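Coordinates as given in upload09.cif (mmCIF, C-alpha atoms):
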```cif
data_data
#
loop_
_atom_site.label_atom_id
_atom_site.label_comp_id
_atom_site.auth_asym_id
_atom_site.auth_seq_id
_atom_site.Cartn_x
_atom_site.Cartn_y
_atom_site.Cartn_z
CA MET A 111 29.22 -63.44 -17.15
CA ARG A 112 31.34 -65.81 -19.21
CA THR A 113 34.92 -66.17 -17.96
CA ILE A 114 37.69 -67.40 -20.25
CA LEU A 115 41.00 -68.26 -18.59
CA ILE A 116 43.97 -68.24 -20.97
CA THR A 117 47.34 -69.80 -20.22
CA GLY A 118 50.14 -71.76 -21.81
CA PRO A 119 53.85 -72.45 -21.56
CA GLY A 120 56.15 -69.48 -21.09
CA GLY A 121 56.90 -67.83 -24.42
CA SER A 122 53.91 -69.39 -26.16
CA GLY A 123 52.23 -66.05 -26.86
CA ARG A 124 49.40 -66.50 -24.38
CA THR A 125 49.15 -62.75 -23.64
CA THR A 126 48.87 -61.91 -27.33
CA VAL A 127 46.18 -64.56 -27.80
CA ALA A 128 44.31 -63.25 -24.73
CA ALA A 129 44.39 -59.73 -26.17
CA ALA A 130 43.25 -60.98 -29.59
CA THR A 131 40.43 -63.02 -28.01
CA ALA A 132 39.16 -60.04 -26.03
CA LEU A 133 39.44 -57.73 -29.05
CA ARG A 134 37.44 -60.10 -31.25
CA ALA A 135 34.68 -60.40 -28.65
CA ALA A 136 34.54 -56.62 -28.32
CA ALA A 137 34.36 -56.22 -32.09
CA ASP A 138 31.26 -58.42 -32.00
CA GLY A 139 29.65 -56.01 -29.54
CA THR A 140 30.33 -57.95 -26.35
CA ARG A 141 31.20 -55.81 -23.33
CA THR A 142 34.58 -57.32 -22.48
CA LEU A 143 37.07 -56.90 -19.66
CA LEU A 144 40.62 -58.11 -20.24
CA LEU A 145 42.43 -58.86 -16.98
CA GLY A 146 46.23 -59.25 -16.94
CA ALA A 147 48.49 -60.82 -14.30
CA ASP A 148 51.95 -59.81 -15.55
CA ARG A 149 53.95 -57.23 -13.60
CA THR A 150 55.26 -55.71 -16.81
CA ASP A 151 52.91 -54.32 -19.40
CA THR A 152 53.07 -57.16 -21.91
CA LEU A 153 49.33 -56.74 -22.32
CA GLY A 154 49.74 -53.12 -23.36
CA ALA A 155 52.48 -54.09 -25.81
CA ALA A 156 50.08 -56.44 -27.58
CA LEU A 157 47.13 -54.04 -27.52
CA GLY A 158 49.13 -50.99 -28.49
CA THR A 159 47.61 -49.22 -25.47
CA ALA A 160 49.27 -48.95 -22.07
CA THR A 161 47.50 -50.79 -19.23
CA GLY A 162 47.84 -50.46 -15.47
CA PRO A 163 46.10 -50.32 -12.06
CA ALA A 164 43.25 -48.21 -13.43
CA PRO A 165 40.95 -49.87 -15.99
CA THR A 166 41.76 -48.54 -19.46
CA GLU A 167 39.29 -48.29 -22.32
CA VAL A 168 40.88 -49.81 -25.42
CA THR A 169 37.85 -49.72 -27.72
CA GLY A 170 34.18 -48.96 -27.27
CA HIS A 171 33.48 -52.43 -25.85
CA LEU A 172 36.91 -53.44 -24.52
CA THR A 173 38.47 -52.46 -21.20
CA ALA A 174 41.88 -53.68 -20.03
CA TRP A 175 42.96 -53.87 -16.39
CA ARG A 176 46.28 -54.91 -14.89
CA PRO A 177 45.83 -54.57 -11.11
CA ASP A 178 48.72 -53.53 -8.85
CA ALA A 179 49.03 -56.55 -6.55
CA ALA A 180 51.71 -54.89 -4.41
CA GLU A 181 49.51 -51.91 -3.59
CA ARG A 182 46.58 -54.15 -2.75
CA PHE A 183 48.76 -56.14 -0.37
CA ARG A 184 49.77 -52.93 1.40
CA GLN A 185 46.11 -51.98 1.82
CA ASP A 186 45.21 -55.42 3.16
CA LEU A 187 48.06 -55.45 5.68
CA THR A 188 47.23 -51.95 6.88
CA ALA A 189 43.59 -52.95 7.39
CA PHE A 190 44.66 -56.13 9.21
CA GLN A 191 46.86 -54.14 11.60
CA THR A 192 43.93 -51.88 12.39
CA ARG A 193 41.63 -54.80 13.19
CA ALA A 194 44.29 -56.50 15.32
CA ALA A 195 45.37 -53.30 17.08
CA ASN A 196 44.57 -54.57 20.60
CA VAL A 197 46.54 -57.78 20.17
CA LEU A 198 49.52 -55.98 18.62
CA ASP A 199 49.56 -53.43 21.43
CA LEU A 200 49.40 -56.22 24.02
CA LEU A 201 52.40 -57.89 22.41
CA GLY A 202 54.26 -54.60 22.14
CA ALA A 203 54.54 -55.01 18.38
CA ALA A 204 55.56 -52.06 16.21
CA ARG A 205 53.23 -51.54 13.28
CA LEU A 206 54.45 -51.41 9.73
CA ASP A 207 53.89 -48.30 7.65
CA ALA A 208 52.41 -48.83 4.21
CA GLU A 209 55.53 -47.35 2.59
CA GLU A 210 57.81 -50.02 4.04
CA VAL A 211 55.64 -53.01 3.10
CA THR A 212 56.76 -55.25 0.25
CA PRO A 213 54.64 -58.21 -0.90
CA LEU A 214 55.41 -61.58 0.66
CA PRO A 215 55.62 -64.75 -1.47
CA GLY A 216 52.11 -65.67 -2.53
CA ALA A 217 50.65 -62.24 -1.75
CA GLU A 218 50.51 -61.19 -5.39
CA GLU A 219 48.68 -64.38 -6.34
CA LEU A 220 46.04 -63.79 -3.68
CA SER A 221 45.64 -60.16 -4.71
CA PHE A 222 45.19 -61.17 -8.33
CA LEU A 223 42.56 -63.76 -7.40
CA ARG A 224 40.62 -61.11 -5.53
CA ALA A 225 40.82 -58.86 -8.57
CA LEU A 226 39.53 -61.73 -10.69
CA ARG A 227 36.62 -62.15 -8.30
CA ASP A 228 35.80 -58.44 -8.36
CA ALA A 229 35.94 -58.40 -12.16
CA ALA A 230 33.73 -61.47 -12.52
CA LEU A 231 31.11 -60.05 -10.18
CA SER A 232 30.96 -56.75 -12.04
CA GLU A 233 27.73 -56.09 -13.91
CA ARG A 234 29.41 -53.77 -16.41
CA TYR A 235 30.71 -56.60 -18.59
CA ASP A 236 29.40 -59.69 -20.35
CA LEU A 237 32.76 -61.42 -20.85
CA LEU A 238 35.90 -61.64 -18.73
CA VAL A 239 39.10 -62.72 -20.49
CA VAL A 240 41.90 -63.51 -18.03
CA ASP A 241 45.54 -63.59 -19.08
CA LEU A 242 46.85 -66.03 -16.47
CA PRO A 243 50.52 -66.58 -15.64
CA PRO A 244 52.33 -69.26 -17.64
CA LEU A 245 52.11 -72.94 -16.82
CA PRO A 246 52.61 -74.39 -14.23
CA GLN A 247 52.13 -71.23 -12.12
CA ALA A 248 48.62 -70.88 -13.51
CA LEU A 249 47.63 -74.37 -12.34
CA ALA A 250 48.93 -73.65 -8.84
CA LEU A 251 47.05 -70.35 -8.84
CA LEU A 252 43.77 -72.01 -9.84
CA GLY A 253 44.03 -74.48 -6.96
CA LEU A 254 44.94 -71.89 -4.33
CA PRO A 255 41.44 -70.83 -3.16
CA GLU A 256 40.25 -74.39 -2.53
CA GLU A 257 43.44 -75.36 -0.71
CA LEU A 258 43.50 -72.27 1.51
CA ARG A 259 39.85 -72.75 2.46
CA ARG A 260 40.63 -76.31 3.49
CA TYR A 261 43.56 -75.15 5.64
CA LEU A 262 41.36 -72.55 7.35
CA ARG A 263 38.65 -75.10 8.11
CA ARG A 264 41.19 -77.49 9.63
CA LEU A 265 43.07 -74.89 11.67
CA LEU A 266 40.09 -72.79 12.76
CA PRO A 267 36.93 -74.91 12.44
CA PRO A 268 33.86 -72.67 12.20
CA GLU A 269 31.86 -74.93 14.54
CA ARG A 270 34.20 -74.08 17.39
CA GLN A 271 32.96 -70.51 17.38
CA ALA A 272 29.89 -71.76 19.23
CA ALA A 273 32.06 -72.38 22.30
CA ARG A 274 33.04 -68.73 22.75
CA ALA A 275 31.64 -68.60 26.28
CA LEU A 276 33.78 -71.59 27.27
CA ARG A 277 37.08 -70.23 25.97
CA PRO A 278 38.17 -68.49 29.20
CA VAL A 279 37.47 -71.68 31.19
CA LEU A 280 39.16 -73.90 28.60
CA GLY A 281 42.11 -71.55 28.54
CA ARG A 282 42.62 -71.84 32.31
CA LEU A 283 42.27 -75.62 32.21
CA ALA A 284 44.69 -76.00 29.32
CA GLY A 285 47.08 -73.41 30.62
CA VAL A 286 47.26 -71.68 27.23
CA PRO A 287 45.29 -68.75 25.84
CA MET A 288 42.42 -69.67 23.50
CA PRO A 289 42.01 -68.01 20.09
CA ALA A 290 40.35 -64.62 20.31
CA ASP A 291 37.13 -63.74 18.55
CA TRP A 292 38.94 -61.51 16.06
CA LEU A 293 40.94 -64.48 14.79
CA TYR A 294 37.81 -66.50 14.03
CA GLU A 295 36.14 -63.46 12.50
CA THR A 296 39.16 -62.87 10.28
CA ALA A 297 39.21 -66.53 9.23
CA ALA A 298 35.49 -66.38 8.44
CA ARG A 299 35.97 -63.27 6.32
CA TRP A 300 38.85 -64.88 4.43
CA ASP A 301 36.77 -68.00 3.88
CA VAL A 302 33.95 -65.94 2.37
CA GLU A 303 36.36 -64.15 0.04
CA LEU A 304 38.06 -67.36 -1.02
CA ALA A 305 34.69 -69.03 -1.56
CA ALA A 306 33.70 -66.20 -3.91
CA VAL A 307 36.90 -66.70 -5.94
CA ASP A 308 36.38 -70.46 -5.98
CA ALA A 309 32.81 -69.96 -7.18
CA VAL A 310 34.08 -67.99 -10.18
CA LEU A 311 36.65 -70.65 -11.08
CA THR A 312 34.18 -73.53 -10.77
CA ASP A 313 31.25 -71.75 -12.43
CA ARG A 314 29.65 -73.54 -15.37
CA ASP A 315 30.37 -70.48 -17.52
CA THR A 316 34.12 -70.60 -16.84
CA ALA A 317 36.43 -72.35 -19.28
CA VAL A 318 40.10 -72.47 -20.24
CA ARG A 319 41.90 -71.82 -23.49
CA LEU A 320 45.35 -73.35 -23.77
CA VAL A 321 47.95 -71.66 -25.96
CA ALA A 322 50.99 -73.55 -27.25
CA GLU A 323 53.25 -73.71 -30.27
CA PRO A 324 52.82 -77.02 -32.11
CA GLY A 325 55.91 -79.11 -31.47
CA PRO A 326 57.32 -81.64 -28.98
CA ALA A 327 57.72 -79.13 -26.12
CA GLY A 328 54.27 -77.67 -26.70
CA ALA A 329 52.71 -81.14 -26.88
CA ASP A 330 54.26 -82.15 -23.55
CA ALA A 331 53.08 -78.92 -21.89
CA VAL A 332 49.55 -79.30 -23.24
CA ARG A 333 49.34 -82.92 -22.14
CA THR A 334 50.42 -82.05 -18.59
CA ALA A 335 48.17 -78.98 -18.40
CA THR A 336 45.15 -80.93 -19.63
CA LEU A 337 45.58 -83.43 -16.79
CA GLY A 338 46.02 -80.68 -14.20
CA LEU A 339 42.92 -78.83 -15.41
CA ALA A 340 40.86 -82.03 -15.50
CA LEU A 341 41.81 -82.77 -11.90
CA ARG A 342 40.45 -79.32 -11.01
CA GLY A 343 37.27 -79.97 -13.00
CA LEU A 344 38.01 -77.12 -15.42
CA PRO A 345 36.96 -77.64 -19.06
CA THR A 346 39.37 -76.83 -21.88
CA GLU A 347 37.31 -74.85 -24.38
CA ALA A 348 39.93 -74.69 -27.11
CA LEU A 349 43.58 -75.31 -27.89
CA ILE A 350 45.18 -72.41 -29.73
CA ALA A 351 48.08 -73.66 -31.86
CA ASN A 352 50.01 -70.42 -31.97
CA ARG A 353 52.61 -69.25 -34.51
CA THR A 354 51.84 -71.91 -37.09
CA LEU A 355 53.75 -71.55 -40.34
CA PRO A 356 51.58 -70.56 -43.31
CA GLU A 357 50.90 -72.75 -46.30
CA THR A 358 53.30 -71.61 -49.03
CA ALA A 359 54.23 -72.35 -52.57
CA TRP A 360 56.92 -74.65 -51.19
CA ASP A 361 54.22 -77.20 -50.36
CA SER A 362 53.41 -77.97 -53.97
CA ARG A 363 57.08 -77.98 -54.91
CA LEU A 364 57.73 -80.52 -52.15
CA ALA A 365 54.92 -82.73 -53.38
CA HIS A 366 56.04 -82.43 -57.02
CA PRO A 367 59.75 -81.62 -56.99
CA SER A 368 61.39 -80.35 -60.17
CA PRO A 369 65.02 -80.73 -61.21
CA ASP A 370 65.15 -76.95 -61.54
CA ASP A 371 64.32 -76.43 -57.83
CA HIS A 372 67.30 -75.17 -55.85
CA PRO A 373 66.20 -74.58 -52.23
CA SER A 374 68.24 -72.09 -50.28
CA PRO A 375 70.43 -73.38 -47.43
CA GLY A 376 67.95 -72.01 -44.88
CA PHE A 377 65.10 -74.03 -46.33
CA ALA A 378 65.97 -77.33 -44.60
CA PRO A 379 65.39 -76.06 -41.02
CA LEU A 380 62.16 -74.41 -42.13
CA LEU A 381 61.02 -77.64 -43.74
CA SER A 382 61.84 -79.56 -40.54
CA LEU A 383 59.87 -77.06 -38.43
CA LEU A 384 56.92 -77.21 -40.79
CA ALA A 385 56.85 -81.02 -40.67
CA GLN A 386 57.11 -80.94 -36.87
CA GLN A 387 54.18 -78.55 -36.62
CA ARG A 388 52.02 -80.58 -38.95
CA LYS A 389 52.65 -83.77 -37.03
CA THR A 390 51.72 -82.14 -33.72
CA LEU A 391 48.61 -80.55 -35.21
CA ALA A 392 47.50 -83.94 -36.53
CA ASP A 393 48.01 -85.49 -33.08
CA TRP A 394 45.96 -82.69 -31.47
CA GLN A 395 42.98 -82.94 -33.83
CA GLU A 396 41.18 -85.79 -32.09
CA PRO A 397 41.46 -84.93 -28.36
CA TYR A 398 41.18 -81.12 -28.69
CA ASP A 399 39.24 -78.41 -30.45
CA VAL A 400 42.33 -77.06 -32.23
CA HIS A 401 42.53 -73.60 -33.79
CA PRO A 402 45.76 -72.77 -35.64
CA VAL A 403 46.83 -69.13 -35.37
CA PRO A 404 49.34 -67.98 -38.01
CA HIS A 405 52.82 -66.65 -37.46
CA LEU A 406 52.82 -63.06 -38.71
CA GLY A 407 56.58 -62.94 -39.10
CA ARG A 408 56.75 -60.33 -36.32
CA ASP A 409 55.53 -59.73 -32.79
CA PRO A 410 51.86 -58.68 -33.03
CA HIS A 411 51.30 -55.09 -31.92
CA GLY A 412 48.06 -53.18 -32.01
CA PRO A 413 44.50 -53.96 -33.11
CA ASP A 414 45.33 -54.62 -36.78
CA ASP A 415 47.88 -57.32 -35.96
CA LEU A 416 45.62 -58.88 -33.34
CA THR A 417 42.74 -59.01 -35.81
CA ALA A 418 45.03 -60.66 -38.38
CA LEU A 419 45.59 -63.55 -35.97
CA ALA A 420 41.96 -64.58 -36.54
CA VAL A 421 41.53 -66.26 -33.15
CA PRO A 422 38.27 -68.19 -32.72
CA ALA A 423 35.25 -66.51 -31.22
CA VAL A 424 34.31 -67.35 -27.66
CA ASN A 425 31.71 -70.09 -27.47
CA PRO A 426 28.41 -68.90 -25.97
CA ALA A 427 28.46 -71.88 -23.60
CA THR A 428 30.90 -74.57 -22.51
CA ALA A 429 30.14 -78.15 -21.58
CA PRO A 430 31.11 -78.43 -17.90
CA VAL A 431 33.26 -81.25 -16.59
CA GLU A 432 31.06 -83.78 -14.80
CA TRP A 433 32.14 -86.32 -12.15
CA PRO A 434 29.03 -88.52 -12.08
CA VAL A 435 28.24 -91.42 -9.78
CA THR A 436 26.51 -94.38 -11.43
CA ASP A 437 24.51 -96.99 -9.57
CA ARG A 438 25.80 -100.51 -10.33
CA ILE A 439 24.56 -102.09 -7.12
CA ALA A 440 22.03 -104.33 -8.84
CA GLU A 441 24.59 -105.60 -11.38
CA ASP A 442 27.91 -105.52 -9.51
CA GLY A 443 27.09 -104.50 -5.94
CA VAL A 444 28.95 -101.17 -6.23
CA LEU A 445 28.57 -97.49 -6.96
CA VAL A 446 31.05 -96.14 -9.53
CA TRP A 447 32.50 -92.63 -9.41
CA HIS A 448 33.65 -91.47 -12.86
CA LEU A 449 36.52 -88.94 -12.93
CA PRO A 450 37.66 -87.88 -16.44
CA LEU A 451 41.47 -87.54 -16.34
CA PRO A 452 42.70 -87.33 -19.95
CA GLY A 453 46.40 -88.00 -20.22
CA ALA A 454 46.63 -89.82 -16.89
CA ILE A 455 49.05 -92.73 -16.62
CA ARG A 456 48.11 -95.73 -14.50
CA ASP A 457 51.48 -95.91 -12.72
CA GLU A 458 51.26 -92.22 -11.79
CA LEU A 459 47.85 -92.45 -10.10
CA ASP A 460 47.37 -92.77 -6.36
CA LEU A 461 44.24 -92.79 -4.19
CA ILE A 462 43.93 -92.51 -0.43
CA ARG A 463 40.58 -92.50 1.36
CA ARG A 464 40.58 -90.48 4.57
CA GLY A 465 37.23 -89.98 6.24
CA ASP A 466 34.90 -88.17 3.86
CA GLU A 467 37.72 -87.06 1.60
CA LEU A 468 39.74 -88.59 -1.21
CA LEU A 469 43.40 -87.71 -1.66
CA LEU A 470 43.93 -88.00 -5.41
CA THR A 471 47.33 -87.83 -7.10
CA ALA A 472 47.63 -87.76 -10.90
CA GLY A 473 51.11 -87.26 -12.30
CA PRO A 474 52.62 -84.12 -10.74
CA PHE A 475 49.23 -82.93 -9.43
CA ARG A 476 47.47 -83.60 -6.16
CA ARG A 477 44.01 -82.66 -4.95
CA ILE A 478 41.92 -83.45 -1.90
CA VAL A 479 38.26 -83.70 -2.84
CA PRO A 480 35.18 -84.32 -0.69
CA LEU A 481 33.26 -87.48 -1.47
CA PRO A 482 29.70 -87.17 -2.77
CA SER A 483 27.23 -87.81 0.06
CA ALA A 484 26.18 -91.25 -1.21
CA LEU A 485 29.79 -92.47 -1.26
CA ARG A 486 30.55 -91.42 2.30
CA ARG A 487 28.56 -94.42 3.49
CA CYS A 488 30.65 -96.78 1.35
CA THR A 489 34.08 -98.35 1.35
CA VAL A 490 36.48 -98.20 -1.58
CA ALA A 491 36.30 -101.49 -3.48
CA GLY A 492 38.81 -100.76 -6.23
CA ALA A 493 39.66 -98.42 -9.07
CA GLY A 494 40.67 -98.60 -12.70
CA LEU A 495 41.76 -96.27 -15.50
CA GLN A 496 40.01 -96.76 -18.82
CA ASP A 497 39.99 -94.47 -21.87
CA GLY A 498 41.25 -91.48 -19.89
CA GLU A 499 38.66 -91.93 -17.15
CA LEU A 500 39.34 -93.00 -13.58
CA ARG A 501 36.54 -95.21 -12.27
CA ILE A 502 36.48 -95.72 -8.52
CA ARG A 503 34.23 -98.47 -7.17
CA PHE A 504 32.53 -98.07 -3.80
CA ALA A 505 30.79 -100.88 -1.93
CA PRO A 506 27.93 -99.83 0.38
CA ASP A 507 28.74 -100.27 4.07
CA PRO A 508 25.92 -102.50 5.39
CA ASP A 509 26.07 -100.76 8.77
CA LEU A 510 25.43 -97.35 7.18
CA TRP A 511 23.54 -98.16 3.99
CA PRO A 512 19.80 -98.78 4.25
CA ALA A 513 18.71 -102.13 2.90
CA ARG A 514 16.71 -101.83 -0.31
CA GLY A 515 13.09 -102.71 -0.16
CA ARG A 516 12.56 -101.57 3.42
#
```
In structure tokens, write the structure found in this file.
Amino acid sequence: MRTILITGPGGSGRTTVAAATALRAAADGTRTLLLGADRTDTLGAALGTATGPAPTEVTGHLTAWRPDAAERFRQDLTAFQTRAANVLDLLGAARLDAEEVTPLPGAEELSFLRALRDAALSERYDLLVVDLPPLPQALALLGLPEELRRYLRRLLPPERQAARALRPVLGRLAGVPMPADWLYETAARWDVELAAVDAVLTDRDTAVRLVAEPGPAGADAVRTATLGLALRGLPTEALIANRTLPETAWDSRLAHPSPDDHPSPGFAPLLSLLAQQRKTLADWQEPYDVHPVPHLGRDPHGPDDLTALAVPAVNPATAPVEWPVTDRIAEDGVLVWHLPLPGAIRDELDLIRRGDELLLTAGPFRRIVPLPSALRRCTVAGAGLQDGELRIRFAPDPDLWPARGR
């Protein structure tokens, strides 16, 4: 299944574009599921059909689903209390009834990610269009599975489960109780679920569409989002320049003014906005696959308005983001790791090698990535930023690297 993640700055019209994208794919005969993250039914307002916790058929090939994250959290907590019943009883803890449970911070994000996983693994659809939260919440959401899995591995290493028989002895020696089996089993189950979500987000058939209004604020948001997505290894399939002003008869009159022209007082702000949009669109042409979407003069509502937006069709395939390692040992004595980071600024980059991991900071974003196996036997020899690509040089450690020719 192809997965298209759609996000953009707040107020950019990302939900409308997501609905229009899904509707166009369905009109072409593609079995499409449109997944929404908003609490309120903004998706239904765009589609002209109410959406909610139960999947709703919008057209013959389009289904919309806006899962109830709060209800899913209640179900998860109730199930957790059942599995941990012995521990809770030992502690004298009073269980929470489902009716009194309200989602904790972060619970809705996790519930939505699980819904995304379930939708992506469904065999009923060929395309999944996801209306993500606005930036920067979407970028934090996309990094959540990887970060939580790392925390679980550090706090409850799976390899320690092999020492189950020694836990009572270790507990007496240390004077503290050792983690019970149920805790490791729960961590393992969470890791499997998070790995499934992460697999969807990093799949070669997953791509992102950014939605923004052409202008200074939109340009800044797109530049920042592009860097954050690149750091996650997520390809940007297209940039939707939303609410662009249409070409009008004023264009020719501006190019060839006449003494008889008497623009209305409200024309000057419109002219300024039009010039601003055109400048931003020109700047976007080279680094992005830009698709202008017209301003209809009203909030789009229903299939006819969404069709009038003429959003681009979903590409059948997307070129994945690659982080290749090139062998320059013969020429320069190093291996080079190439990390494409468009929009990165040299002074805002930071690298820290720790064991087999690299702590990478780019602007406001930070990610901890495992080193490729060949680089784990090397030491960092330097790094440089060139043409939007970070190139990290690694020198083979002679104590760990086999000599060539042996």
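From atom CA of A:Gly118 back to atom CA of A:Ala322, the distance works out to 5.8 Å.
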Item checked: Selection under test: the PyMOL selection byres ((chain A and resi 300) around 12); residues as a PyMOL selection string -> chain A and resi 186+190+220+224+255-256+258-263+266+293-299+301-307
Check: Hey, which of A:Gly328, A:Trp511, A:Trp433, A:Leu380 ends up closest to A:Gly121? Count all atoms listed in the file.
Finding: A:Gly328
Check: If we count all atoms listed in the file, what is near A:Asp414 at a cut-off of 10 Å, once residues fewer than 5 positions away on the same chain are taken out, given as a list in words?
Finding: Ala130, Leu157, Gly158 and Leu419 of chain A
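Using the PyMOL selection byres ((chain A and resi 432) around 9) on the file at hand returns these residues: Gly343, Ala429, Pro430, Val431, Trp433, Pro434, His448, Leu449 and Pro450 of chain A.
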Checklist line | Picked residues, the PyMOL selection byres ((chain A and resi 478-484) around 8), expected as a PyMOL selection string | finding: chain A and resi 466-470+476-477+485-488
